[in-house]
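*Asks:* One file: upload16.txt (compact mmCIF, C-alpha atoms and all ligand atoms).
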```
# COMPACT_ATOMS: atom_id res chain seq x y z
CA ALA A 1177 21.74 8.14 21.98
CA PRO A 1178 22.00 6.83 18.41
CA VAL A 1179 21.79 3.04 18.13
CA LYS A 1180 24.94 1.13 17.11
CA SER A 1181 23.07 -1.43 15.08
CA LEU A 1182 19.62 -2.82 14.32
CA THR A 1183 18.83 -6.51 14.32
CA VAL A 1184 15.89 -7.78 12.29
CA ASP A 1185 15.00 -11.44 11.78
CA GLY A 1186 18.41 -12.55 12.98
CA LYS A 1187 20.42 -10.20 10.78
CA THR A 1188 22.35 -7.26 12.20
CA TYR A 1189 22.72 -3.99 10.34
CA PRO A 1190 25.43 -1.67 11.69
CA SER A 1191 24.28 1.94 11.87
CA ASP A 1192 25.93 4.82 10.08
CA GLU A 1193 25.10 8.37 9.05
CA TRP A 1194 22.28 7.02 6.81
CA THR A 1195 20.38 5.20 9.58
CA ASN A 1196 16.91 6.70 9.99
CA ILE A 1197 14.51 3.87 10.91
CA PRO A 1198 12.23 4.58 13.86
CA PRO A 1199 11.13 1.61 16.03
CA PHE A 1200 7.44 1.80 15.05
CA ILE A 1201 8.39 1.01 11.45
CA LEU A 1202 10.24 -2.12 12.52
CA ASP A 1203 7.03 -3.42 14.13
CA LEU A 1204 5.16 -3.13 10.82
CA ILE A 1205 7.60 -5.42 9.01
CA GLN A 1206 6.28 -8.41 10.91
CA ARG A 1207 2.61 -7.89 10.05
CA LYS A 1208 2.47 -9.24 6.46
CA LEU A 1209 -1.09 -8.06 5.84
CA HIS A 1210 -1.03 -9.29 2.23
CA LYS A 1211 -0.59 -12.86 3.50
CA ASN A 1212 -3.70 -12.71 5.69
CA PRO A 1213 -6.60 -14.09 3.59
CA ASP A 1214 -9.18 -12.47 5.90
CA HIS A 1215 -7.71 -8.96 5.69
CA PRO A 1216 -8.84 -6.51 2.95
CA ILE A 1217 -5.27 -6.32 1.56
CA GLY A 1218 -5.02 -10.12 1.54
CA ILE A 1219 -8.48 -10.48 -0.02
CA LEU A 1220 -7.54 -8.08 -2.82
CA HIS A 1221 -4.21 -9.84 -3.32
CA ASP A 1222 -5.98 -13.20 -3.60
CA LEU A 1223 -8.50 -11.79 -6.06
CA VAL A 1224 -5.70 -10.62 -8.36
CA LYS A 1225 -3.85 -13.93 -8.05
CA LYS A 1226 -7.03 -15.81 -8.89
CA SER A 1227 -7.70 -13.58 -11.90
CA MET A 1228 -4.22 -14.28 -13.29
CA ASN A 1229 -4.26 -17.98 -12.51
CA GLY A 1230 -3.32 -20.21 -15.44
CA MET A 1231 -1.91 -17.32 -17.49
CA GLY A 1232 1.76 -18.20 -16.91
CA TYR A 1233 2.74 -16.02 -13.97
CA THR A 1234 4.91 -17.31 -11.10
CA ILE A 1235 3.79 -15.90 -7.74
CA TYR A 1236 6.34 -14.35 -5.39
CA ASP A 1237 4.95 -13.04 -2.12
CA GLU A 1238 7.57 -13.96 0.48
CA PHE A 1239 10.36 -11.47 -0.20
CA HIS A 1240 11.87 -9.85 2.87
CA PRO A 1241 11.35 -6.05 2.98
CA ILE A 1242 15.01 -5.23 3.68
CA VAL A 1243 16.85 -4.91 0.39
CA THR A 1244 20.05 -3.30 -0.80
CA LYS A 1245 20.42 0.09 -2.40
CA PHE A 1246 21.54 -1.87 -5.46
CA GLN A 1247 18.24 -3.78 -5.68
CA ASN A 1248 15.98 -0.83 -4.98
CA PHE A 1249 17.73 1.81 -7.10
CA ASP A 1250 21.03 1.03 -8.87
CA VAL A 1251 20.05 -2.02 -10.89
CA LEU A 1252 16.96 -0.16 -12.09
CA GLY A 1253 19.02 2.74 -13.37
CA PHE A 1254 17.87 5.40 -10.87
CA PRO A 1255 19.98 8.53 -11.43
CA GLU A 1256 22.29 9.37 -8.49
CA ASP A 1257 20.34 12.55 -7.71
CA HIS A 1258 16.85 10.99 -7.89
CA PRO A 1259 14.80 12.30 -4.91
CA GLY A 1260 13.65 8.75 -4.10
CA ARG A 1261 17.17 7.98 -2.89
CA SER A 1262 17.18 10.72 -0.25
CA LYS A 1263 17.00 10.14 3.49
CA SER A 1264 13.87 12.24 3.66
CA ASP A 1265 12.03 9.83 1.32
CA THR A 1266 13.42 6.42 2.21
CA TYR A 1267 14.08 4.41 5.38
CA TYR A 1268 17.72 3.35 5.61
CA PHE A 1269 19.29 0.81 7.98
CA ASN A 1270 22.64 2.04 6.73
CA LYS A 1271 24.09 3.25 3.46
CA GLU A 1272 23.74 -0.21 1.88
CA HIS A 1273 20.47 -1.52 3.33
CA LEU A 1274 17.01 -0.01 3.25
CA LEU A 1275 13.33 -0.84 3.36
CA ARG A 1276 12.22 -1.37 -0.25
CA THR A 1277 10.24 1.58 -1.53
CA HIS A 1278 8.61 -0.48 -4.28
CA THR A 1279 8.19 -4.05 -5.49
CA SER A 1280 10.35 -3.21 -8.52
CA ALA A 1281 13.28 -3.84 -6.14
CA HIS A 1282 12.73 -7.54 -6.88
CA GLU A 1283 12.40 -7.35 -10.68
CA HIS A 1284 16.04 -8.20 -11.17
CA GLU A 1285 15.96 -11.41 -9.07
CA CYS A 1286 12.57 -12.49 -10.44
CA PHE A 1287 13.77 -12.16 -14.02
CA GLN A 1288 16.71 -14.36 -13.00
CA ASP A 1289 14.65 -16.91 -11.12
CA CYS A 1290 11.41 -17.21 -13.02
CA LYS A 1291 10.80 -20.25 -15.27
CA THR A 1292 7.43 -19.08 -16.62
CA PRO A 1293 6.74 -16.31 -19.20
CA GLY A 1294 5.91 -13.90 -16.38
CA TYR A 1295 5.69 -13.30 -12.66
CA LEU A 1296 3.72 -11.45 -9.97
CA ILE A 1297 5.25 -10.00 -6.80
CA THR A 1298 3.19 -8.82 -3.84
CA ALA A 1299 4.85 -7.10 -0.90
CA ASP A 1300 4.75 -4.44 1.76
CA VAL A 1301 6.72 -1.33 0.77
CA TYR A 1302 7.85 1.68 2.81
CA ARG A 1303 8.14 5.38 2.13
CA LYS A 1304 8.33 8.48 4.26
CA ASP A 1305 5.29 10.46 3.36
CA GLU A 1306 2.66 12.94 4.41
CA ILE A 1307 0.27 12.04 7.20
CA ASP A 1308 -3.37 11.95 6.20
CA ARG A 1309 -6.22 9.50 5.68
CA THR A 1310 -4.76 7.99 2.51
CA HIS A 1311 -1.02 8.02 3.33
CA TYR A 1312 0.84 5.72 5.66
CA PRO A 1313 4.59 4.98 5.74
CA ALA A 1314 3.88 1.33 4.89
CA PHE A 1315 1.67 0.17 2.04
CA HIS A 1316 1.42 -2.65 -0.49
CA GLN A 1317 2.21 -3.12 -4.14
CA LEU A 1318 1.61 -5.81 -6.68
CA GLU A 1319 4.12 -6.00 -9.50
CA GLY A 1320 3.75 -7.96 -12.70
CA ALA A 1321 6.09 -8.66 -15.58
CA ARG A 1322 6.09 -10.69 -18.78
CA TYR A 1323 8.75 -11.38 -21.38
CA TRP A 1324 9.23 -12.92 -24.81
CA SER A 1325 12.25 -14.17 -26.72
CA ARG A 1326 12.94 -12.79 -30.17
CA LEU A 1327 14.76 -16.02 -30.98
CA GLU A 1328 11.52 -17.96 -30.91
CA PRO A 1329 10.26 -18.48 -34.50
CA ASN A 1330 7.32 -16.18 -35.31
CA TYR A 1331 7.60 -14.43 -31.96
CA LEU A 1332 5.56 -11.45 -33.19
CA GLU A 1333 2.65 -13.76 -34.04
CA LYS A 1334 3.11 -15.37 -30.63
CA ILE A 1335 2.72 -11.99 -28.88
CA GLN A 1336 -0.39 -11.33 -30.98
CA GLN A 1337 -1.81 -14.74 -29.94
CA ASP A 1338 -1.05 -13.93 -26.31
CA ILE A 1339 -2.90 -10.63 -26.72
CA ASP A 1340 -5.88 -12.45 -28.21
CA SER A 1341 -5.99 -14.89 -25.32
CA ILE A 1342 -6.50 -12.17 -22.69
CA PRO A 1343 -10.19 -12.23 -21.73
CA LYS A 1344 -12.19 -9.34 -23.28
CA THR A 1345 -13.76 -6.66 -21.09
CA ASN A 1346 -16.48 -4.03 -21.54
CA ILE A 1347 -14.24 -1.30 -20.17
CA ILE A 1348 -14.37 2.04 -21.98
CA VAL A 1349 -10.77 2.91 -22.74
CA GLU A 1350 -9.43 6.35 -23.54
CA ASP A 1351 -5.97 5.77 -25.00
CA PRO A 1352 -4.43 8.55 -27.11
CA PHE A 1353 -1.30 6.40 -27.51
CA ARG A 1354 -2.86 3.17 -28.73
CA ASP A 1355 -1.91 3.52 -32.40
CA GLN A 1356 1.10 5.73 -31.73
CA PRO A 1357 2.75 4.49 -28.50
CA ILE A 1358 5.96 6.40 -29.18
CA THR A 1359 5.99 10.15 -28.63
CA GLU A 1360 8.68 12.76 -28.19
CA ASN A 1361 8.35 12.66 -24.39
CA ASN A 1362 8.08 8.93 -24.25
CA PRO A 1363 10.60 7.51 -26.71
CA LYS A 1364 11.15 3.87 -27.51
CA GLN A 1365 14.41 2.10 -26.74
CA THR A 1366 16.64 1.94 -29.76
CA TYR A 1367 16.99 -1.84 -29.60
CA MET A 1368 13.27 -2.40 -30.24
CA THR A 1369 11.36 -2.00 -33.48
CA PRO A 1370 8.16 0.08 -33.56
CA GLU A 1371 6.20 -3.11 -34.24
CA GLU A 1372 7.63 -4.81 -31.14
CA VAL A 1373 6.80 -1.76 -29.03
CA ARG A 1374 3.25 -1.71 -30.36
CA LEU A 1375 2.68 -5.41 -29.61
CA VAL A 1376 4.32 -5.46 -26.17
CA ALA A 1377 2.47 -2.26 -25.19
CA THR A 1378 -0.82 -3.72 -26.35
CA HIS A 1379 -0.29 -6.89 -24.34
CA LEU A 1380 0.66 -4.83 -21.29
CA LYS A 1381 -2.34 -2.54 -21.51
CA LYS A 1382 -4.85 -5.33 -22.21
CA THR A 1383 -3.51 -7.26 -19.22
CA ILE A 1384 -3.91 -4.27 -16.91
CA GLU A 1385 -7.36 -3.41 -18.28
CA TYR A 1386 -8.39 -7.01 -17.67
CA LEU A 1387 -7.10 -6.87 -14.08
CA VAL A 1388 -8.75 -3.54 -13.35
CA ASN A 1389 -11.98 -4.95 -14.73
CA GLN A 1390 -11.75 -8.08 -12.55
CA VAL A 1391 -11.17 -6.06 -9.41
CA PHE A 1392 -13.74 -3.32 -9.95
CA GLU A 1393 -16.42 -5.62 -11.38
CA ASN A 1394 -16.13 -7.75 -8.28
CA ALA A 1395 -16.56 -4.69 -6.12
CA ARG A 1396 -19.62 -3.60 -8.08
CA GLU A 1397 -21.19 -7.03 -7.83
CA SER A 1398 -20.84 -7.11 -4.07
CA ALA A 1399 -22.13 -3.55 -3.71
CA LYS A 1400 -25.21 -4.52 -5.73
CA LYS A 1401 -25.67 -7.69 -3.69
CA ALA A 1402 -25.54 -5.58 -0.55
CA GLY A 1403 -28.46 -3.56 -1.95
CA SER A 1404 -26.68 -0.44 -3.23
CA THR A 1405 -28.52 1.36 -6.02
CA GLU A 1406 -25.89 3.97 -6.83
CA PRO A 1407 -26.10 4.88 -10.56
CA TYR A 1408 -22.38 4.34 -11.24
CA LEU A 1409 -22.90 0.63 -10.55
CA ASN A 1410 -24.72 0.31 -13.86
CA GLU A 1411 -22.38 2.39 -16.01
CA PRO A 1412 -19.50 0.66 -17.79
CA LEU A 1413 -16.12 1.09 -16.15
CA LYS A 1414 -14.02 3.88 -17.70
CA VAL A 1415 -10.22 4.12 -17.75
CA ARG A 1416 -7.66 6.35 -19.43
CA TRP A 1417 -3.96 6.00 -20.27
CA VAL A 1418 -1.50 8.80 -19.61
CA GLU A 1419 2.24 9.01 -20.26
CA ALA A 1420 4.61 8.52 -17.34
CA TYR A 1421 8.30 8.26 -16.51
CA PHE A 1422 10.14 5.52 -14.60
CA PRO A 1423 13.93 5.10 -14.78
CA TRP A 1424 13.70 1.39 -15.64
CA THR A 1425 11.01 1.45 -18.32
CA GLY A 1426 10.61 3.16 -21.66
CA PRO A 1427 8.12 4.02 -22.95
CA SER A 1428 6.10 4.28 -19.71
CA TRP A 1429 2.44 4.87 -18.90
CA GLU A 1430 -0.05 5.06 -16.08
CA ILE A 1431 -3.67 3.93 -16.03
CA GLU A 1432 -6.33 5.96 -14.27
CA VAL A 1433 -9.77 4.64 -13.34
CA TRP A 1434 -12.90 6.80 -13.23
CA TRP A 1435 -14.41 6.00 -9.86
CA LYS A 1436 -17.20 7.98 -8.17
CA GLY A 1437 -16.47 11.13 -10.13
CA GLU A 1438 -12.68 11.15 -9.91
CA TRP A 1439 -9.70 9.93 -11.97
CA LEU A 1440 -7.86 7.57 -9.72
CA GLU A 1441 -4.15 6.84 -10.39
CA CYS A 1442 -3.94 3.12 -10.27
CA CYS A 1443 -0.88 1.57 -11.80
CA GLY A 1444 2.43 2.60 -13.36
CA CYS A 1445 3.92 0.49 -16.10
CA GLY A 1446 6.12 0.34 -19.15
CA ILE A 1447 8.44 -1.59 -21.40
CA VAL A 1448 11.41 -2.75 -19.35
CA GLN A 1449 14.75 -1.10 -20.12
CA ARG A 1450 17.11 -3.48 -21.84
CA GLN A 1451 19.81 -2.83 -19.23
CA VAL A 1452 17.62 -4.32 -16.48
CA LEU A 1453 17.12 -7.48 -18.54
CA LEU A 1454 20.84 -7.71 -19.30
CA ASN A 1455 21.68 -7.16 -15.60
CA SER A 1456 19.43 -10.13 -14.88
CA GLN A 1457 21.34 -12.35 -17.32
CA LEU A 1458 18.07 -12.96 -19.08
CA GLY A 1459 19.81 -12.94 -22.45
CA GLU A 1460 20.19 -10.47 -25.26
CA ASP A 1461 17.08 -11.71 -26.98
CA LYS A 1462 14.37 -10.68 -24.54
CA ILE A 1463 11.69 -7.99 -24.68
CA SER A 1464 9.52 -7.38 -21.66
CA TRP A 1465 6.93 -5.25 -19.89
CA ALA A 1466 6.33 -4.57 -16.15
CA PHE A 1467 3.66 -2.87 -14.04
CA GLY A 1468 3.15 -1.98 -10.36
CA ILE A 1469 -0.23 -1.50 -8.68
CA GLY A 1470 -0.74 0.10 -5.29
CA LEU A 1471 -3.16 -2.10 -3.36
CA ASP A 1472 -4.08 0.08 -0.37
CA ARG A 1473 -5.92 2.89 -2.16
CA ILE A 1474 -7.89 0.36 -4.20
CA ALA A 1475 -8.73 -1.71 -1.10
CA MET A 1476 -9.94 1.47 0.64
CA LEU A 1477 -12.37 2.11 -2.22
CA LEU A 1478 -13.52 -1.48 -2.60
CA PHE A 1479 -14.16 -2.04 1.09
CA GLY A 1480 -15.28 1.51 1.89
CA ILE A 1481 -12.46 2.05 4.38
CA PRO A 1482 -12.20 5.73 5.35
CA ASP A 1483 -8.75 5.78 6.93
CA ILE A 1484 -5.65 3.85 5.85
CA ARG A 1485 -4.57 3.36 9.48
CA LEU A 1486 -7.47 0.95 9.93
CA PHE A 1487 -5.59 -1.68 7.89
CA TRP A 1488 -2.99 -1.80 10.68
CA SER A 1489 -5.47 -1.70 13.55
CA LEU A 1490 -5.61 -4.69 15.89
CA ASP A 1491 -9.23 -3.94 16.81
CA GLU A 1492 -11.56 -6.94 16.55
CA ARG A 1493 -14.34 -4.62 15.39
CA PHE A 1494 -12.34 -4.06 12.23
CA HIS A 1495 -11.16 -7.61 11.56
CA LYS A 1496 -14.40 -9.43 12.18
CA GLN A 1497 -16.00 -7.55 9.27
CA PHE A 1498 -13.90 -9.27 6.58
CA LYS A 1499 -13.94 -12.80 5.24
CA ARG A 1500 -11.73 -14.49 2.65
CA GLY A 1501 -12.93 -14.21 -0.94
CA GLU A 1502 -15.51 -11.53 -0.17
CA ILE A 1503 -15.55 -7.82 -0.86
CA SER A 1504 -17.81 -6.43 1.84
CA THR A 1505 -18.49 -2.83 2.82
CA PHE A 1506 -16.94 -1.65 6.05
CA ALA A 1507 -19.43 -0.45 8.69
CA PRO A 1508 -17.65 2.28 10.66
CA TYR A 1509 -17.74 1.90 14.39
CA SER A 1510 -17.76 4.85 16.74
CA LYS A 1511 -15.13 7.40 15.87
CA TYR A 1512 -13.28 8.90 18.78
CA PRO A 1513 -12.82 12.66 18.82
CA GLY A 1514 -9.49 14.13 17.71
CA VAL A 1515 -7.39 16.75 19.45
CA LYS A 1516 -5.79 19.43 17.26
CA ARG A 1517 -2.51 21.01 18.32
CA ASP A 1518 -0.36 23.51 16.45
CA VAL A 1519 3.39 23.77 16.55
CA SER A 1520 4.93 27.03 15.27
CA PHE A 1521 8.61 27.73 15.02
CA TRP A 1522 11.37 29.82 13.47
CA LEU A 1523 13.75 27.90 11.28
CA PRO A 1524 17.50 28.48 11.57
CA SER A 1525 19.04 29.96 8.43
CA GLU A 1526 19.92 27.32 5.83
CA SER A 1527 17.75 24.79 7.61
CA THR A 1528 17.55 21.29 6.12
CA LEU A 1529 14.20 20.55 7.75
CA HIS A 1530 11.98 18.77 5.21
CA CYS A 1531 8.25 18.46 5.75
CA ASN A 1532 8.72 14.66 5.80
CA ASP A 1533 11.03 15.13 8.79
CA VAL A 1534 8.20 16.76 10.71
CA MET A 1535 5.87 13.92 9.70
CA GLU A 1536 8.46 11.45 10.86
CA ILE A 1537 8.93 13.08 14.25
CA VAL A 1538 5.18 13.20 14.82
CA ARG A 1539 4.85 9.59 13.73
CA SER A 1540 7.66 8.46 16.03
CA HIS A 1541 6.00 9.96 19.13
CA ALA A 1542 2.32 9.57 18.28
CA GLY A 1543 2.40 6.33 16.26
CA ASP A 1544 -1.01 5.60 14.81
CA MET A 1545 -2.53 8.37 16.92
CA ALA A 1546 -1.33 10.80 14.26
CA GLU A 1547 -4.42 11.24 12.10
CA SER A 1548 -3.15 14.13 9.99
CA VAL A 1549 -0.39 16.72 9.88
CA GLU A 1550 -0.58 19.78 7.65
CA VAL A 1551 1.29 23.01 7.11
CA VAL A 1552 -1.18 25.76 8.00
CA ASP A 1553 1.07 28.78 7.86
CA GLU A 1554 4.44 29.73 6.44
CA PHE A 1555 6.05 33.15 6.09
CA VAL A 1556 9.35 35.00 5.97
CA HIS A 1557 9.82 37.87 8.41
CA PRO A 1558 10.20 41.01 6.24
CA LYS A 1559 12.97 42.52 8.39
CA THR A 1560 15.00 39.61 9.73
CA GLY A 1561 14.45 37.30 6.75
CA ARG A 1562 13.77 34.45 9.16
CA LYS A 1563 11.34 31.78 8.06
CA SER A 1564 8.46 30.63 10.22
CA GLN A 1565 6.30 27.55 9.84
CA CYS A 1566 3.22 26.29 11.58
CA TYR A 1567 2.07 22.65 11.43
CA ARG A 1568 -1.34 21.51 12.64
CA ILE A 1569 -1.40 18.02 14.10
CA ASN A 1570 -4.62 16.11 14.66
CA TYR A 1571 -4.15 13.43 17.31
CA GLN A 1572 -6.87 10.84 17.15
CA SER A 1573 -7.08 7.18 18.04
CA MET A 1574 -9.03 4.47 16.25
CA GLU A 1575 -9.40 2.58 19.48
CA ARG A 1576 -10.08 4.91 22.39
CA ASN A 1577 -10.46 8.42 23.78
CA LEU A 1578 -7.21 10.31 24.26
CA THR A 1579 -6.62 12.36 27.40
CA ASN A 1580 -5.26 15.89 27.32
CA GLN A 1581 -2.49 14.79 29.57
CA GLU A 1582 -1.13 12.17 27.22
CA ILE A 1583 -1.40 14.52 24.23
CA ASN A 1584 0.57 17.12 26.20
CA VAL A 1585 3.36 14.62 26.70
CA ILE A 1586 3.42 13.54 23.06
CA HIS A 1587 3.20 17.07 21.73
CA GLY A 1588 5.95 18.16 24.12
CA ASN A 1589 8.19 15.40 22.78
CA VAL A 1590 7.50 16.50 19.22
CA GLU A 1591 8.52 20.08 20.08
CA ASN A 1592 11.61 18.83 21.87
CA ASP A 1593 12.74 16.68 19.00
CA LEU A 1594 12.25 19.51 16.52
CA THR A 1595 14.35 21.78 18.70
CA THR A 1596 17.20 19.40 19.41
CA ARG A 1597 17.40 17.76 16.00
CA PHE A 1598 16.67 20.70 13.71
CA ASP A 1599 17.58 23.66 15.87
CA VAL A 1600 14.22 25.38 15.40
CA GLU A 1601 12.97 27.99 17.84
CA ILE A 1602 9.45 27.22 19.07
CA ARG A 1603 7.30 30.35 19.01
N1 LIG B 1701 7.41 0.82 -8.99
C1 LIG B 1701 6.58 1.84 -9.59
C2 LIG B 1701 5.97 2.71 -8.49
O1 LIG B 1701 6.22 2.44 -7.31
C3 LIG B 1701 5.51 1.24 -10.46
C4 LIG B 1701 6.05 0.53 -11.68
C5 LIG B 1701 6.33 -0.82 -11.67
C6 LIG B 1701 6.30 1.23 -12.85
C7 LIG B 1701 6.84 -1.46 -12.78
C8 LIG B 1701 6.79 0.62 -13.98
C9 LIG B 1701 7.06 -0.74 -13.93
O2 LIG B 1701 5.28 3.67 -8.73
```
Would you mind writing the file out in structure tokens?
*Replies:*
Amino acid sequence: APVKSLTVDGKTYPSDEWTNIPPFILDLIQRKLHKNPDHPIGILHDLVKKSMNGMGYTIYDEFHPIVTKFQNFDVLGFPEDHPGRSKSDTYYFNKEHLLRTHTSAHEHECFQDCKTPGYLITADVYRKDEIDRTHYPAFHQLEGARYWSRLEPNYLEKIQQDIDSIPKTNIIVEDPFRDQPITENNPKQTYMTPEEVRLVATHLKKTIEYLVNQVFENARESAKKAGSTEPYLNEPLKVRWVEAYFPWTGPSWEIEVWWKGEWLECCGCGIVQRQVLLNSQLGEDKISWAFGIGLDRIAMLLFGIPDIRLFWSLDERFHKQFKRGEISTFAPYSKYPGVKRDVSFWLPSESTLHCNDVMEIVRSHAGDMAESVEVVDEFVHPKTGRKSQCYRINYQSMERNLTNQEINVIHGNVENDLTTRFDVEIR
């Protein structure tokens, strides 16, 4: 039966037609991995904080993960039909309250609260997503922002001085937009001059390049110390800037880092939309940038962690390998075999089943024993026009061997849920 309400940390959220939070997600809220100095996520968080120390950023890392729709979407100018707002992407307590999907949900209050020229926010964030080795419904982001007042005398020189005070790096930067930050697809806001955009963008990009350098240089140092002789350890770090879109910034970019032969998306950023600053009562005179970095993917690379579920494991064999302040390489312990099971079904006509719904159902019955879920077959019957789908689920535990019997029960529950909730016909 549907629950009437959910109570978290002493607050009660009445349920409604938006409620879609499974119990296993509620357990994750309490973990606060970024606050654990001996956990890879906490170690990375501390490294970033240390790198930015003394540069004028207030640290916020205590925000509660339940926020309002207003904080997460409205105040940032998300269009009403943005897919991020949908029930298949976001965990809702009810139509007003949800689990933040990004740290940008706190930009508004930090702009209001902050007494320094900038701030950093670190937090756990939640999104419905695929199930595989790099995706988990909870992950971590680090947000940064910085602002200047145009009322300050010589504020343009001040921004230039701030740019010059960012420590230099040896990073090789590919930036087609450095001299021409404004393009047709990525226009400036009318209230800013081209010169302001150029300076604020330069400060933003130099700050992120500096951070990326701090993090990856540290990782390379510890890999070398551990005796690795991989050639990439001696090549300079390479990054490139690409254009991006976020509702609350303009222009917007993303930085990608070249790491072991691949461009790795690392951080979205941009010049904050004036409306967000005005909503925060920051004053008419401000210009500002913001960025958001995903910590989990980077921590996986730095610590050599093959599966994102390991971050949430309670296994001592995982935790005893990490120590505060150190980037060490994870030594995998025995991997238990997985059990693959397929589920095939006919969809009812005009079905609303979204692939994230299947992920969610698997997750709710298998928890962290869901290693991966993928669509392996999909077709439309030529005569009846009915649509068929087949998902392959790999059940695998980080901690122990699974028995056929328990998989049968879990898999049976998955099939049941699909049938009762989405009216599919198991084949
Ligand atoms: N919140 C964005 C994301 O989750 C990142 C971002 C932060 C982009 C701040 C621009 C400014 O991808």
*Asks:* Using all atoms listed in the file, what are the residues with an atom within 9 Å of ligand LIG 1701 (chain B), set out as an MDAnalysis selection string?
*Replies:* chainID A and resid 1277:1281 1283 1301 1317:1321 1420:1426 1428:1430 1443:1448 1465:1470
*Asks:* Please dump the current selection as a PDB file, keeping the file's coordinate frame; keep C-alpha atoms.
*Replies:*
```pdb
ATOM      1  CA  THR A1277      10.240   1.580  -1.530  1.00  0.00           C
ATOM      2  CA  HIS A1278       8.610  -0.480  -4.280  1.00  0.00           C
ATOM      3  CA  THR A1279       8.190  -4.050  -5.490  1.00  0.00           C
ATOM      4  CA  SER A1280      10.350  -3.210  -8.520  1.00  0.00           C
ATOM      5  CA  ALA A1281      13.280  -3.840  -6.140  1.00  0.00           C
ATOM      6  CA  GLU A1283      12.400  -7.350 -10.680  1.00  0.00           C
ATOM      7  CA  VAL A1301       6.720  -1.330   0.770  1.00  0.00           C
ATOM      8  CA  GLN A1317       2.210  -3.120  -4.140  1.00  0.00           C
ATOM      9  CA  LEU A1318       1.610  -5.810  -6.680  1.00  0.00           C
ATOM     10  CA  GLU A1319       4.120  -6.000  -9.500  1.00  0.00           C
ATOM     11  CA  GLY A1320       3.750  -7.960 -12.700  1.00  0.00           C
ATOM     12  CA  ALA A1321       6.090  -8.660 -15.580  1.00  0.00           C
ATOM     13  CA  ALA A1420       4.610   8.520 -17.340  1.00  0.00           C
ATOM     14  CA  TYR A1421       8.300   8.260 -16.510  1.00  0.00           C
ATOM     15  CA  PHE A1422      10.140   5.520 -14.600  1.00  0.00           C
ATOM     16  CA  PRO A1423      13.930   5.100 -14.780  1.00  0.00           C
ATOM     17  CA  TRP A1424      13.700   1.390 -15.640  1.00  0.00           C
ATOM     18  CA  THR A1425      11.010   1.450 -18.320  1.00  0.00           C
ATOM     19  CA  GLY A1426      10.610   3.160 -21.660  1.00  0.00           C
ATOM     20  CA  SER A1428       6.100   4.280 -19.710  1.00  0.00           C
ATOM     21  CA  TRP A1429       2.440   4.870 -18.900  1.00  0.00           C
ATOM     22  CA  GLU A1430      -0.050   5.060 -16.080  1.00  0.00           C
ATOM     23  CA  CYS A1443      -0.880   1.570 -11.800  1.00  0.00           C
ATOM     24  CA  GLY A1444       2.430   2.600 -13.360  1.00  0.00           C
ATOM     25  CA  CYS A1445       3.920   0.490 -16.100  1.00  0.00           C
ATOM     26  CA  GLY A1446       6.120   0.340 -19.150  1.00  0.00           C
ATOM     27  CA  ILE A1447       8.440  -1.590 -21.400  1.00  0.00           C
ATOM     28  CA  VAL A1448      11.410  -2.750 -19.350  1.00  0.00           C
ATOM     29  CA  TRP A1465       6.930  -5.250 -19.890  1.00  0.00           C
ATOM     30  CA  ALA A1466       6.330  -4.570 -16.150  1.00  0.00           C
ATOM     31  CA  PHE A1467       3.660  -2.870 -14.040  1.00  0.00           C
ATOM     32  CA  GLY A1468       3.150  -1.980 -10.360  1.00  0.00           C
ATOM     33  CA  ILE A1469      -0.230  -1.500  -8.680  1.00  0.00           C
ATOM     34  CA  GLY A1470      -0.740   0.100  -5.290  1.00  0.00           C
TER      35      GLY A1470
END
```
*Asks:* Just to confirm, what's the straight-line distance from CA of Arg1309 in chain A to CA of Gly1480 in chain A in Å (one decimal)?
*Replies:*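 It comes out at 12.7 Å.
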*Asks:* Within 12 Å of Ser1525 in chain A, counting all atoms listed in the file, which residues qualify if same-chain residues fewer than 5 places away don't, as a compact mmCIF listing (two decimals) with C-alpha atoms, keeping the file's coordinate frame?
*Replies:*
```
# COMPACT_ATOMS: atom_id res chain seq x y z
CA VAL A 1556 9.35 35.00 5.97
CA THR A 1560 15.00 39.61 9.73
CA GLY A 1561 14.45 37.30 6.75
CA ARG A 1562 13.77 34.45 9.16
CA LYS A 1563 11.34 31.78 8.06
CA SER A 1564 8.46 30.63 10.22
CA PHE A 1598 16.67 20.70 13.71
CA ASP A 1599 17.58 23.66 15.87
CA VAL A 1600 14.22 25.38 15.40
CA GLU A 1601 12.97 27.99 17.84
```
*Asks:* Show me, as JSON, numbers by chain, the residues that have an atom within 8 Å of range 1566-1578 of chain A when counting only C-alpha atoms, minus same-chain residues fewer than 3 positions from it.
*Replies:* {"A": [1486, 1489, 1491, 1511, 1512, 1513, 1514, 1515, 1516, 1517, 1518, 1519, 1520, 1521, 1542, 1544, 1545, 1546, 1547, 1548, 1549, 1550, 1551, 1552, 1553, 1554, 1582, 1583]}
*Asks:* Between CA of Lys1382 in chain A and CA of Thr1234 in chain A, measure the distance and give it in Å to one decimal.
*Replies:*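 Separating CA of Lys1382 in chain A from CA of Thr1234 in chain A is a distance of 19.0 Å.
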*Asks:* Calculated over all atoms listed in the file, which of the candidates A:His1316, A:Lys1334, A:Arg1500, A:Lys1381 has the smallest distance to Tyr1302 in chain A?
*Replies:*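 Checking each candidate against Tyr1302 in chain A, we get A:His1316 as the closest.
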*Asks:* Which of these, A:Ala1399, A:Val1349, A:Ile1481, A:Val1373, has the shortest distance to Tyr1386 in chain A once you count only C-alpha atoms?
*Replies:*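 That would be A:Val1349, the residue with the smallest distance to Tyr1386 in chain A.
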